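Chemist: Okay, so here is protein.cif, and as you'll see once you scroll down, it has mmCIF, C-alpha atoms (C1' of nucleotides).
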```cif
data_coords
loop_
_atom_site.label_atom_id
_atom_site.label_comp_id
_atom_site.auth_asym_id
_atom_site.auth_seq_id
_atom_site.Cartn_x
_atom_site.Cartn_y
_atom_site.Cartn_z
CA MET A 988 7.80 161.89 -59.32
CA LYS A 989 11.22 161.14 -57.97
CA THR A 990 11.86 158.37 -60.48
CA GLY A 991 11.67 160.29 -63.70
CA ALA A 992 14.72 158.82 -65.38
CA VAL A 993 13.46 155.27 -65.69
CA MET A 994 10.67 155.41 -68.22
CA GLU A 995 12.46 155.78 -71.52
CA GLU A 996 12.68 152.48 -73.33
CA GLU A 997 11.13 150.43 -70.61
CA ILE A 998 7.67 149.09 -70.88
CA ILE A 999 5.42 150.31 -68.16
CA PHE A 1000 3.97 146.88 -67.57
CA GLN A 1001 1.49 148.02 -65.04
CA LYS A 1002 -0.30 150.04 -67.68
CA THR A 1003 -0.41 147.50 -70.45
CA ILE A 1004 -3.69 145.85 -71.18
CA SER A 1005 -2.04 142.46 -71.00
CA TYR A 1006 -0.86 143.11 -67.48
CA LEU A 1007 -4.16 144.45 -66.25
CA LEU A 1008 -5.94 141.55 -67.84
CA ALA A 1009 -3.74 139.11 -65.98
CA ARG A 1010 -4.46 140.77 -62.70
CA VAL A 1011 -8.20 140.77 -63.27
CA THR A 1012 -8.06 137.21 -64.42
CA THR A 1013 -6.44 135.87 -61.28
CA ALA A 1014 -8.61 137.86 -58.93
CA TYR A 1015 -11.78 136.92 -60.73
CA LYS A 1016 -11.04 133.22 -60.85
CA THR A 1017 -10.52 133.15 -57.13
CA VAL A 1018 -13.81 134.91 -56.47
CA LEU A 1019 -15.61 132.62 -58.87
CA GLU A 1020 -14.15 129.53 -57.30
CA ARG A 1021 -15.09 130.71 -53.83
CA HIS A 1022 -18.63 131.55 -54.84
CA MET A 1023 -19.32 128.29 -56.56
CA GLY A 1024 -17.74 126.48 -53.67
CA LEU A 1025 -20.66 127.69 -51.59
CA ILE A 1026 -22.94 125.40 -53.55
CA GLY A 1027 -20.48 122.54 -53.68
CA LEU A 1028 -19.21 123.13 -57.18
CA HIS A 1029 -15.95 124.17 -58.76
CA ALA A 1030 -15.83 126.93 -61.29
CA GLY A 1031 -14.94 124.70 -64.19
CA GLN A 1032 -17.76 122.30 -63.43
CA VAL A 1033 -20.24 125.14 -63.61
CA PHE A 1034 -19.29 125.97 -67.16
CA LEU A 1035 -19.55 122.38 -68.19
CA LEU A 1036 -22.98 122.03 -66.61
CA LEU A 1037 -23.99 125.20 -68.36
CA GLU A 1038 -23.41 123.58 -71.72
CA LEU A 1039 -25.35 120.50 -70.72
CA TRP A 1040 -28.29 122.57 -69.54
CA THR A 1041 -28.33 124.11 -72.97
CA GLU A 1042 -27.94 120.77 -74.71
CA ASP A 1043 -27.86 117.53 -72.81
CA GLY A 1044 -26.03 114.46 -74.04
CA LEU A 1045 -23.07 116.15 -75.66
CA ARG A 1046 -19.91 114.22 -76.35
CA GLN A 1047 -16.71 115.18 -74.57
CA VAL A 1048 -15.23 116.49 -77.75
CA ASP A 1049 -18.27 118.74 -78.21
CA LEU A 1050 -17.86 120.12 -74.74
CA ALA A 1051 -14.18 120.71 -75.28
CA ARG A 1052 -14.87 122.63 -78.44
CA ARG A 1053 -17.66 124.75 -76.98
CA LEU A 1054 -15.69 125.58 -73.88
CA SER A 1055 -12.41 126.04 -75.75
CA LEU A 1056 -10.76 123.53 -73.49
CA ALA A 1057 -8.31 120.72 -74.12
CA ALA A 1058 -9.67 117.19 -74.12
CA PRO A 1059 -7.90 116.03 -70.95
CA THR A 1060 -9.31 118.99 -69.05
CA VAL A 1061 -12.84 118.02 -69.97
CA SER A 1062 -12.12 114.39 -69.21
CA LYS A 1063 -11.03 115.22 -65.68
CA MET A 1064 -13.92 117.56 -65.04
CA ILE A 1065 -16.42 114.93 -66.03
CA LYS A 1066 -14.76 112.47 -63.74
CA GLY A 1067 -15.33 114.92 -60.91
CA LEU A 1068 -18.93 115.53 -61.90
CA ILE A 1069 -19.62 111.81 -62.03
CA GLU A 1070 -18.24 111.41 -58.54
CA ILE A 1071 -20.71 113.90 -57.14
CA ASN A 1072 -23.52 112.38 -59.17
CA LEU A 1073 -24.31 115.36 -61.35
CA VAL A 1074 -23.68 113.67 -64.68
CA GLU A 1075 -23.32 110.19 -66.08
CA ILE A 1076 -21.73 108.95 -69.24
CA GLU A 1077 -22.85 106.45 -71.82
CA ARG A 1078 -20.86 104.92 -74.62
CA GLU A 1079 -22.25 106.04 -77.96
CA ASP A 1080 -24.05 103.34 -79.91
CA GLY A 1081 -22.89 104.14 -83.39
CA ASP A 1082 -19.36 105.16 -82.47
CA GLY A 1083 -17.43 103.16 -79.91
CA ARG A 1084 -14.96 105.97 -79.30
CA SER A 1085 -17.41 108.60 -78.12
CA THR A 1086 -18.95 108.92 -74.71
CA ARG A 1087 -22.04 111.06 -74.29
CA VAL A 1088 -22.49 113.02 -71.12
CA TYR A 1089 -25.94 113.24 -69.56
CA LEU A 1090 -27.21 115.25 -66.63
CA THR A 1091 -28.60 113.28 -63.72
CA ASP A 1092 -31.65 114.51 -61.82
CA GLN A 1093 -29.30 116.10 -59.35
CA GLY A 1094 -27.46 117.68 -62.24
CA HIS A 1095 -30.66 119.28 -63.45
CA ALA A 1096 -31.51 120.34 -59.95
CA MET A 1097 -28.30 122.30 -59.51
CA ARG A 1098 -29.48 124.81 -62.02
CA ASP A 1099 -31.33 127.04 -59.60
CA ASP A 1100 -28.45 127.13 -57.17
CA VAL A 1101 -26.04 128.07 -59.90
CA ASN A 1102 -28.37 130.76 -61.17
CA ALA A 1103 -28.58 132.24 -57.72
CA GLN A 1104 -24.84 132.33 -57.28
CA TRP A 1105 -24.40 133.71 -60.73
CA LEU A 1106 -26.79 136.52 -60.04
CA GLU A 1107 -24.87 137.38 -56.92
CA LEU A 1108 -21.68 137.42 -58.88
CA GLU A 1109 -23.15 139.83 -61.38
CA THR A 1110 -24.78 142.13 -58.88
CA ASN A 1111 -22.42 142.09 -55.90
CA TYR A 1112 -19.16 142.56 -57.71
CA LEU A 1113 -20.24 144.64 -60.65
CA ALA A 1114 -22.35 147.13 -58.77
CA ASP A 1115 -19.93 149.96 -59.42
CA LEU A 1116 -20.22 149.73 -63.17
CA ASN A 1117 -22.35 152.39 -64.76
CA GLU A 1118 -24.76 151.92 -67.62
CA THR A 1119 -22.25 152.77 -70.30
CA GLU A 1120 -19.68 150.39 -68.92
CA ARG A 1121 -22.24 147.64 -68.70
CA LEU A 1122 -22.92 148.10 -72.37
CA ILE A 1123 -19.34 148.33 -73.51
CA LEU A 1124 -17.82 145.55 -71.44
CA PRO A 1125 -19.56 142.62 -73.10
CA GLU A 1126 -18.42 143.83 -76.49
CA LEU A 1127 -14.89 144.40 -75.34
CA LEU A 1128 -14.66 141.08 -73.58
CA THR A 1129 -15.99 139.26 -76.59
CA LYS A 1130 -13.44 141.02 -78.72
CA LEU A 1131 -10.68 140.03 -76.36
CA ARG A 1132 -11.79 136.43 -76.28
CA LYS A 1133 -11.75 136.31 -80.05
CA ALA A 1134 -8.32 137.84 -80.07
CA TYR A 1135 -6.93 135.24 -77.72
CA THR A 1136 -8.71 132.19 -79.03
CA GLY A 1137 -7.84 133.11 -82.58
CA ALA A 1138 -11.28 132.18 -83.81
CA ASP A 1139 -14.80 132.92 -82.79
CA ASP A 1140 -15.80 129.61 -81.30
CA ALA A 1141 -19.23 130.94 -80.44
CA GLU A 1142 -20.23 130.87 -84.06
CA GLU A 1143 -18.06 128.22 -85.56
CA ASP A 1144 -20.67 125.48 -85.43
CA GLN A 1145 -23.23 127.23 -87.53
CA MET B 642 -36.83 136.88 -81.38
CA LYS B 643 -38.36 133.47 -81.77
CA THR B 644 -37.40 132.44 -78.25
CA GLY B 645 -39.31 134.98 -76.30
CA ALA B 646 -40.69 132.58 -73.72
CA VAL B 647 -37.40 131.43 -72.28
CA MET B 648 -35.87 134.54 -70.86
CA GLU B 649 -38.06 135.15 -67.90
CA GLU B 650 -36.41 133.61 -64.89
CA GLU B 651 -33.45 132.12 -66.65
CA ILE B 652 -30.16 133.88 -66.76
CA ILE B 653 -28.67 134.18 -70.18
CA PHE B 654 -25.25 133.22 -68.96
CA GLN B 655 -23.53 133.77 -72.22
CA LYS B 656 -24.28 137.46 -72.01
CA THR B 657 -23.31 138.10 -68.43
CA ILE B 658 -20.10 139.92 -67.80
CA SER B 659 -19.03 137.22 -65.37
CA TYR B 660 -19.33 134.57 -68.06
CA LEU B 661 -17.50 136.55 -70.70
CA LEU B 662 -14.79 137.37 -68.22
CA ALA B 663 -14.28 133.71 -67.48
CA ARG B 664 -13.93 132.90 -71.15
CA VAL B 665 -11.42 135.67 -71.73
CA THR B 666 -9.55 134.64 -68.64
CA THR B 667 -8.98 131.07 -69.75
CA ALA B 668 -8.06 131.98 -73.29
CA TYR B 669 -5.70 134.72 -72.25
CA LYS B 670 -3.88 132.66 -69.66
CA THR B 671 -3.16 129.98 -72.22
CA VAL B 672 -1.77 132.50 -74.68
CA LEU B 673 0.32 134.15 -71.99
CA GLU B 674 1.72 130.85 -70.83
CA ARG B 675 2.58 129.83 -74.37
CA HIS B 676 4.30 133.13 -75.12
CA MET B 677 6.41 133.19 -72.02
CA GLY B 678 7.25 129.57 -72.59
CA LEU B 679 9.12 130.73 -75.68
CA ILE B 680 11.69 132.39 -73.45
CA GLY B 681 11.74 129.60 -70.90
CA LEU B 682 9.47 131.20 -68.34
CA HIS B 683 6.04 130.51 -66.96
CA ALA B 684 3.47 133.24 -66.76
CA GLY B 685 3.47 133.45 -63.00
CA GLN B 686 7.23 133.74 -62.85
CA VAL B 687 7.12 136.74 -65.14
CA PHE B 688 4.91 138.68 -62.78
CA LEU B 689 7.13 137.88 -59.86
CA LEU B 690 10.24 138.97 -61.76
CA LEU B 691 8.42 142.14 -62.70
CA GLU B 692 8.11 143.11 -59.07
CA LEU B 693 11.76 142.36 -58.42
CA TRP B 694 12.83 144.46 -61.38
CA THR B 695 10.92 147.30 -59.82
CA GLU B 696 12.32 146.63 -56.35
CA ASP B 697 14.87 143.94 -55.71
CA GLY B 698 15.20 142.15 -52.40
CA LEU B 699 11.56 142.00 -51.45
CA ARG B 700 10.35 139.53 -48.89
CA GLN B 701 7.98 136.79 -49.93
CA VAL B 702 5.15 138.37 -48.01
CA ASP B 703 5.74 141.63 -49.88
CA LEU B 704 5.55 139.83 -53.19
CA ALA B 705 2.40 138.04 -52.15
CA ARG B 706 0.78 141.31 -51.21
CA ARG B 707 1.80 143.15 -54.36
CA LEU B 708 0.74 140.32 -56.61
CA SER B 709 -2.41 139.57 -54.63
CA LEU B 710 -1.34 135.98 -54.28
CA ALA B 711 -1.43 133.53 -51.41
CA ALA B 712 1.81 132.86 -49.58
CA PRO B 713 2.20 129.23 -50.71
CA THR B 714 1.80 130.29 -54.33
CA VAL B 715 4.70 132.70 -54.02
CA SER B 716 6.73 130.14 -52.14
CA LYS B 717 6.39 127.63 -54.94
CA MET B 718 7.12 130.16 -57.65
CA ILE B 719 10.31 131.21 -55.98
CA LYS B 720 11.36 127.62 -55.69
CA GLY B 721 10.96 127.33 -59.44
CA LEU B 722 12.86 130.55 -60.07
CA ILE B 723 15.71 129.41 -57.86
CA GLU B 724 15.96 126.17 -59.80
CA ILE B 725 16.51 128.02 -63.06
CA ASN B 726 18.92 130.41 -61.37
CA LEU B 727 16.96 133.61 -61.84
CA VAL B 728 16.65 134.51 -58.17
CA GLU B 729 18.24 133.57 -54.88
CA ILE B 730 17.01 133.95 -51.33
CA GLU B 731 18.68 135.14 -48.19
CA ARG B 732 17.45 134.89 -44.66
CA GLU B 733 16.78 138.33 -43.26
CA ASP B 734 19.25 139.46 -40.61
CA GLY B 735 16.93 141.27 -38.28
CA ASP B 736 14.00 138.88 -38.64
CA GLY B 737 14.60 135.17 -38.71
CA ARG B 738 11.23 134.48 -40.26
CA SER B 739 11.64 136.46 -43.44
CA THR B 740 13.51 135.53 -46.57
CA ARG B 741 14.47 138.21 -49.02
CA VAL B 742 14.41 137.42 -52.71
CA TYR B 743 17.17 138.78 -54.93
CA LEU B 744 17.61 138.69 -58.67
CA THR B 745 20.68 136.92 -59.98
CA ASP B 746 22.58 138.28 -62.97
CA GLN B 747 20.59 135.93 -65.12
CA GLY B 748 17.45 137.24 -63.48
CA HIS B 749 18.34 140.77 -64.45
CA ALA B 750 19.26 139.64 -67.94
CA MET B 751 15.83 138.16 -68.60
CA ARG B 752 14.34 141.59 -68.61
CA ASP B 753 14.90 142.31 -72.29
CA ASP B 754 13.47 138.98 -73.35
CA VAL B 755 10.38 139.52 -71.26
CA ASN B 756 9.97 143.03 -72.62
CA ALA B 757 10.13 141.70 -76.14
CA GLN B 758 7.52 139.02 -75.52
CA TRP B 759 5.34 141.47 -73.70
CA LEU B 760 5.44 143.87 -76.58
CA GLU B 761 4.40 141.09 -78.91
CA LEU B 762 1.55 140.24 -76.62
CA GLU B 763 0.33 143.81 -76.66
CA THR B 764 0.70 144.34 -80.37
CA ASN B 765 -0.11 140.96 -81.90
CA TYR B 766 -3.23 140.16 -79.97
CA LEU B 767 -4.63 143.60 -79.40
CA ALA B 768 -4.23 144.92 -82.90
CA ASP B 769 -7.96 145.00 -83.51
CA LEU B 770 -8.64 147.42 -80.70
CA ASN B 771 -9.31 150.97 -81.76
CA GLU B 772 -8.09 154.09 -80.01
CA THR B 773 -11.15 154.48 -77.88
CA GLU B 774 -11.05 150.91 -76.71
CA ARG B 775 -7.39 151.21 -75.88
CA LEU B 776 -8.23 154.13 -73.67
CA ILE B 777 -11.23 152.63 -71.96
CA LEU B 778 -9.94 149.13 -71.35
CA PRO B 779 -7.27 149.96 -68.79
CA GLU B 780 -9.80 151.87 -66.75
CA LEU B 781 -12.36 149.13 -66.95
CA LEU B 782 -9.89 146.41 -66.13
CA THR B 783 -8.60 148.33 -63.17
CA LYS B 784 -12.12 148.79 -61.98
CA LEU B 785 -12.81 145.09 -62.34
CA ARG B 786 -9.67 144.15 -60.48
CA LYS B 787 -10.64 146.39 -57.63
CA ALA B 788 -14.09 144.88 -57.61
CA TYR B 789 -12.75 141.35 -57.35
CA THR B 790 -9.86 141.95 -54.98
CA GLY B 791 -12.07 143.96 -52.72
CA ALA B 792 -9.39 146.54 -52.16
CA ASP B 793 -7.08 148.54 -54.33
CA ASP B 794 -3.83 146.78 -53.70
CA ALA B 795 -1.98 149.06 -56.09
CA GLU B 796 -2.24 151.91 -53.64
CA GLU B 797 -2.35 150.20 -50.31
CA ASP B 798 1.33 150.55 -49.56
CA GLN B 799 1.46 154.29 -49.80
"C1'" DA C 1010 9.95 136.10 -17.35
"C1'" DT C 1011 6.64 133.36 -19.07
"C1'" DT C 1012 2.92 132.69 -21.93
"C1'" DA C 1013 -0.02 133.96 -25.71
"C1'" DA C 1014 -0.68 135.85 -30.04
"C1'" DA C 1015 0.82 137.28 -34.46
"C1'" DC C 1016 3.68 136.69 -38.44
"C1'" DG C 1017 6.56 134.50 -42.38
"C1'" DA C 1018 7.28 130.55 -44.71
"C1'" DT C 1019 6.57 125.77 -46.00
"C1'" DT C 1020 4.11 121.30 -46.85
"C1'" DA C 1021 0.27 118.71 -48.35
"C1'" DG C 1022 -3.46 118.31 -51.16
"C1'" DC C 1023 -7.04 120.14 -54.08
"C1'" DT C 1024 -9.05 122.07 -59.09
"C1'" DA C 1025 -8.14 124.30 -63.61
"C1'" DG C 1026 -5.57 124.63 -67.24
"C1'" DC C 1027 -2.00 122.80 -70.50
"C1'" DT C 1028 1.11 119.32 -73.57
"C1'" DA C 1029 2.86 114.83 -74.77
"C1'" DA C 1030 2.17 110.22 -75.26
"C1'" DC C 1031 -0.86 106.49 -75.38
"C1'" DT C 1032 -5.11 103.14 -76.51
"C1'" DA C 1033 -8.94 101.96 -79.08
"C1'" DA C 1034 -12.22 102.69 -82.57
"C1'" DA C 1035 -13.55 104.41 -87.16
"C1'" DT C 1036 -12.45 105.75 -91.63
"C1'" DA C 1037 -9.38 106.24 -95.85
"C1'" DT C 1038 -6.27 104.52 -98.86
"C1'" DG C 1039 -3.65 101.35 -101.41
"C1'" DC D 467 -8.70 93.22 -97.74
"C1'" DA D 468 -4.83 95.02 -95.31
"C1'" DT D 469 -2.71 98.98 -93.82
"C1'" DA D 470 -2.43 103.81 -92.58
"C1'" DT D 471 -4.55 107.80 -90.82
"C1'" DT D 472 -7.71 110.26 -88.29
"C1'" DT D 473 -10.62 110.77 -84.22
"C1'" DA D 474 -12.23 110.27 -79.09
"C1'" DG D 475 -10.73 109.57 -74.77
"C1'" DT D 476 -7.42 108.69 -71.02
"C1'" DT D 477 -3.05 108.84 -68.32
"C1'" DA D 478 0.93 111.15 -66.68
"C1'" DG D 479 3.07 115.11 -65.42
"C1'" DC D 480 3.65 120.06 -65.41
"C1'" DT D 481 2.42 125.30 -63.50
"C1'" DA D 482 -0.93 128.52 -61.33
"C1'" DG D 483 -3.96 129.27 -58.16
"C1'" DC D 484 -6.23 128.15 -53.63
"C1'" DT D 485 -7.07 126.48 -48.37
"C1'" DA D 486 -5.74 124.15 -44.19
"C1'" DA D 487 -2.30 122.76 -41.16
"C1'" DT D 488 2.26 123.15 -39.34
"C1'" DC D 489 6.71 125.12 -37.73
"C1'" DG D 490 9.78 128.58 -36.17
"C1'" DT D 491 10.39 133.29 -35.00
"C1'" DT D 492 8.99 137.63 -33.18
"C1'" DT D 493 6.25 140.54 -30.59
"C1'" DA D 494 2.65 141.52 -27.03
"C1'" DA D 495 0.51 140.71 -22.64
"C1'" DT D 496 0.24 139.44 -18.21
#
```
Please rewrite the model in this file as structure tokens.
Modeler:
Amino acid sequence: MKTGAVMEEEIIFQKTISYLLARVTTAYKTVLERHMGLIGLHAGQVFLLLELWTEDGLRQVDLARRLSLAAPTVSKMIKGLIEINLVEIEREDGDGRSTRVYLTDQGHAMRDDVNAQWLELETNYLADLNETERLILPELLTKLRKAYTGADDAEEDQ
Amino acid sequence: MKTGAVMEEEIIFQKTISYLLARVTTAYKTVLERHMGLIGLHAGQVFLLLELWTEDGLRQVDLARRLSLAAPTVSKMIKGLIEINLVEIEREDGDGRSTRVYLTDQGHAMRDDVNAQWLELETNYLADLNETERLILPELLTKLRKAYTGADDAEEDQ
DNA sequence: ATTAAACGATTAGCTAGCTAACTAAATATG
DNA sequence: CATATTTAGTTAGCTAGCTAATCGTTTAAT
């Protein structure tokens, strides 16, 4: 109330959607990382495993596309997953450039642990959301993702 | 409809708020980084400058608290900002532990550029949002941030 | 007054992202 | 058939985050 003169041409950053999004983003990533750390995984690895649980034996380029990640990011993640014996790679027969990524038994086994953590994430942190918000949020978030990725990479391979 | 058997104990990750949030998060951060790169800044630096534009001469610990960041993160960012001559630090007189961070002239001057980029971010990427969504989103995002930071760090210093 | 505890900042080292630059393989093109 | 272009993956190097460990300073306790 005592700083009334400031807000003329200035952007009130703290109220922009972009600003709020950034703040949520950072906070969320930290929570996610901490939670998945409890089961010995890093956040990024979880998302990669997620894709393999849906379809095993994807190539790196497939994973990159589905996760909207750059190739080197995927390459590094897989290296990490190989080290902890959750996936293994095989050079593609027909195409000497590609490597296919397969879940190991341990990789399959992680699924329950991840599910459990994920459930906690959804219930513990989002308990204060009411029914309406729970309905709206997925739509809004999807819209935002499309806005920032430029395309809808959830449908682009159909 | 044809996959009715699957969804009993499995989580449909792709529909959870946590999952969607992660996807938005990654996409948005990349866009933000690219946009601020146009004016020679990194995303994190922008948020730090923002705080200094609001109140110059903060200590690192103040910045960390306001931005909900860990101390080493702030320390590194400031190092980067010093290198490009946007801020300078001064050891606090009364307390030999603290360093106060001050904007340089160049630091002040960046404000218009950042405002311009920020405006673009808000208008270019969020054009598809309707009035209702524009109203709801800030509330929802604030709620999410509170959920993930645990506390409401926007009010804690009052 | 001395010792213990708390605080502010830094260093080291990690993952998650990125881009740029590279290698190697596959495909087009002349 | 030789060459050029595209594609898949990796390496190097950057920032943004984090935690753990450390150092110096300040404050509290005995």
Chemist: Dig up all the protein and nucleic acid residues within 7 Å of (-27.7, 114.3, -63.8) in the file frame, using only C-alpha atoms (C1' of nucleotides), and format them as a PyMOL selection string.
Modeler: chain A and resi 1072-1075+1089-1095
Chemist: Selection in question (the file shown): the PyMOL selection byres ((chain C and resi 1023) around 10). Which residues does it include, as a PyMOL selection string?
Modeler: (chain C and resi 1021-1022+1024) or (chain D and resi 484-485)
Chemist: Go ahead and align chain B to chain A (same sequence, so just pair every C-alpha in order, least squares) and export the moved chain as a CSV table (one decimal) with C-alpha atoms, in the frame of the given file.
Modeler:
```csv
chain,number,residue,atom,x,y,z
B,642,MET,CA,6.7,163.3,-63.0
B,643,LYS,CA,9.9,163.0,-61.0
B,644,THR,CA,10.8,159.8,-62.7
B,645,GLY,CA,11.1,161.0,-66.2
B,646,ALA,CA,14.4,159.2,-67.0
B,647,VAL,CA,13.1,155.6,-66.5
B,648,MET,CA,10.5,155.2,-69.1
B,649,GLU,CA,12.5,155.1,-72.2
B,650,GLU,CA,13.1,151.5,-73.1
B,651,GLU,CA,11.4,150.0,-70.1
B,652,ILE,CA,7.9,148.7,-70.2
B,653,ILE,CA,5.7,150.0,-67.5
B,654,PHE,CA,4.2,146.6,-66.9
B,655,GLN,CA,1.7,147.8,-64.4
B,656,LYS,CA,-0.1,149.8,-67.1
B,657,THR,CA,-0.2,147.3,-69.9
B,658,ILE,CA,-3.4,145.7,-70.6
B,659,SER,CA,-1.8,142.3,-70.5
B,660,TYR,CA,-0.7,142.9,-66.9
B,661,LEU,CA,-4.0,144.2,-65.7
B,662,LEU,CA,-5.8,141.4,-67.4
B,663,ALA,CA,-3.6,138.9,-65.5
B,664,ARG,CA,-4.4,140.5,-62.2
B,665,VAL,CA,-8.1,140.6,-62.8
B,666,THR,CA,-8.0,137.0,-64.0
B,667,THR,CA,-6.4,135.7,-60.8
B,668,ALA,CA,-8.7,137.7,-58.5
B,669,TYR,CA,-11.8,136.8,-60.4
B,670,LYS,CA,-11.1,133.1,-60.5
B,671,THR,CA,-10.6,132.9,-56.8
B,672,VAL,CA,-13.9,134.7,-56.2
B,673,LEU,CA,-15.7,132.5,-58.7
B,674,GLU,CA,-14.3,129.3,-57.1
B,675,ARG,CA,-15.3,130.5,-53.6
B,676,HIS,CA,-18.8,131.4,-54.7
B,677,MET,CA,-19.5,128.1,-56.5
B,678,GLY,CA,-18.0,126.3,-53.6
B,679,LEU,CA,-20.9,127.5,-51.5
B,680,ILE,CA,-23.2,125.3,-53.6
B,681,GLY,CA,-20.8,122.4,-53.7
B,682,LEU,CA,-19.4,123.0,-57.2
B,683,HIS,CA,-16.1,124.0,-58.6
B,684,ALA,CA,-15.9,126.8,-61.2
B,685,GLY,CA,-15.0,124.6,-64.1
B,686,GLN,CA,-17.9,122.2,-63.4
B,687,VAL,CA,-20.3,125.1,-63.6
B,688,PHE,CA,-19.3,126.0,-67.1
B,689,LEU,CA,-19.6,122.4,-68.2
B,690,LEU,CA,-23.0,122.0,-66.7
B,691,LEU,CA,-24.0,125.3,-68.4
B,692,GLU,CA,-23.4,123.7,-71.8
B,693,LEU,CA,-25.3,120.6,-70.9
B,694,TRP,CA,-28.3,122.7,-69.7
B,695,THR,CA,-28.3,124.3,-73.1
B,696,GLU,CA,-27.9,120.9,-74.9
B,697,ASP,CA,-27.8,117.7,-73.0
B,698,GLY,CA,-26.0,114.6,-74.3
B,699,LEU,CA,-23.0,116.3,-75.8
B,700,ARG,CA,-19.8,114.3,-76.5
B,701,GLN,CA,-16.7,115.2,-74.6
B,702,VAL,CA,-15.1,116.6,-77.8
B,703,ASP,CA,-18.1,118.9,-78.3
B,704,LEU,CA,-17.8,120.2,-74.7
B,705,ALA,CA,-14.1,120.8,-75.2
B,706,ARG,CA,-14.7,122.7,-78.4
B,707,ARG,CA,-17.5,124.9,-76.9
B,708,LEU,CA,-15.6,125.6,-73.8
B,709,SER,CA,-12.3,126.1,-75.6
B,710,LEU,CA,-10.7,123.5,-73.3
B,711,ALA,CA,-8.3,120.7,-73.9
B,712,ALA,CA,-9.7,117.2,-74.0
B,713,PRO,CA,-8.0,116.0,-70.8
B,714,THR,CA,-9.4,118.9,-68.9
B,715,VAL,CA,-12.9,118.0,-69.9
B,716,SER,CA,-12.2,114.3,-69.2
B,717,LYS,CA,-11.2,115.1,-65.6
B,718,MET,CA,-14.1,117.5,-65.0
B,719,ILE,CA,-16.6,114.9,-66.1
B,720,LYS,CA,-15.0,112.4,-63.8
B,721,GLY,CA,-15.5,114.8,-60.9
B,722,LEU,CA,-19.1,115.5,-62.0
B,723,ILE,CA,-19.8,111.7,-62.2
B,724,GLU,CA,-18.5,111.3,-58.7
B,725,ILE,CA,-21.0,113.8,-57.3
B,726,ASN,CA,-23.8,112.3,-59.4
B,727,LEU,CA,-24.5,115.3,-61.5
B,728,VAL,CA,-23.8,113.7,-64.9
B,729,GLU,CA,-23.5,110.2,-66.3
B,730,ILE,CA,-21.8,109.0,-69.5
B,731,GLU,CA,-22.9,106.5,-72.1
B,732,ARG,CA,-20.8,105.1,-74.9
B,733,GLU,CA,-22.1,106.2,-78.2
B,734,ASP,CA,-23.9,103.5,-80.3
B,735,GLY,CA,-22.7,104.4,-83.7
B,736,ASP,CA,-19.2,105.4,-82.7
B,737,GLY,CA,-17.3,103.4,-80.2
B,738,ARG,CA,-14.9,106.2,-79.5
B,739,SER,CA,-17.3,108.8,-78.3
B,740,THR,CA,-18.9,109.1,-74.9
B,741,ARG,CA,-22.0,111.2,-74.5
B,742,VAL,CA,-22.5,113.1,-71.3
B,743,TYR,CA,-26.0,113.3,-69.8
B,744,LEU,CA,-27.3,115.3,-66.9
B,745,THR,CA,-28.8,113.3,-64.0
B,746,ASP,CA,-31.8,114.5,-62.2
B,747,GLN,CA,-29.5,116.1,-59.6
B,748,GLY,CA,-27.6,117.7,-62.5
B,749,HIS,CA,-30.8,119.3,-63.7
B,750,ALA,CA,-31.7,120.3,-60.2
B,751,MET,CA,-28.5,122.3,-59.7
B,752,ARG,CA,-29.6,124.8,-62.2
B,753,ASP,CA,-31.5,127.0,-59.8
B,754,ASP,CA,-28.6,127.1,-57.3
B,755,VAL,CA,-26.2,128.0,-60.0
B,756,ASN,CA,-28.5,130.7,-61.2
B,757,ALA,CA,-28.7,132.2,-57.8
B,758,GLN,CA,-25.0,132.2,-57.2
B,759,TRP,CA,-24.4,133.7,-60.7
B,760,LEU,CA,-26.8,136.5,-60.0
B,761,GLU,CA,-25.0,137.3,-56.8
B,762,LEU,CA,-21.8,137.3,-58.7
B,763,GLU,CA,-23.1,139.8,-61.2
B,764,THR,CA,-24.8,142.1,-58.7
B,765,ASN,CA,-22.5,142.0,-55.7
B,766,TYR,CA,-19.2,142.4,-57.4
B,767,LEU,CA,-20.2,144.5,-60.4
B,768,ALA,CA,-22.3,147.0,-58.5
B,769,ASP,CA,-19.8,149.8,-59.1
B,770,LEU,CA,-20.1,149.7,-62.8
B,771,ASN,CA,-22.2,152.4,-64.4
B,772,GLU,CA,-24.5,152.0,-67.3
B,773,THR,CA,-22.0,152.8,-69.9
B,774,GLU,CA,-19.4,150.4,-68.6
B,775,ARG,CA,-22.0,147.7,-68.4
B,776,LEU,CA,-22.7,148.2,-72.1
B,777,ILE,CA,-19.1,148.4,-73.2
B,778,LEU,CA,-17.6,145.6,-71.1
B,779,PRO,CA,-19.3,142.7,-72.8
B,780,GLU,CA,-18.1,143.9,-76.2
B,781,LEU,CA,-14.6,144.4,-75.0
B,782,LEU,CA,-14.4,141.1,-73.3
B,783,THR,CA,-15.8,139.3,-76.3
B,784,LYS,CA,-13.2,141.1,-78.4
B,785,LEU,CA,-10.4,140.0,-76.0
B,786,ARG,CA,-11.6,136.4,-76.0
B,787,LYS,CA,-11.5,136.3,-79.7
B,788,ALA,CA,-8.1,137.9,-79.7
B,789,TYR,CA,-6.7,135.2,-77.3
B,790,THR,CA,-8.5,132.2,-78.7
B,791,GLY,CA,-7.6,133.1,-82.2
B,792,ALA,CA,-11.0,132.3,-83.5
B,793,ASP,CA,-14.5,133.0,-82.6
B,794,ASP,CA,-15.6,129.7,-81.1
B,795,ALA,CA,-19.0,131.1,-80.3
B,796,GLU,CA,-19.9,131.0,-83.9
B,797,GLU,CA,-17.8,128.3,-85.4
B,798,ASP,CA,-20.5,125.6,-85.2
B,799,GLN,CA,-23.0,127.4,-87.3
```
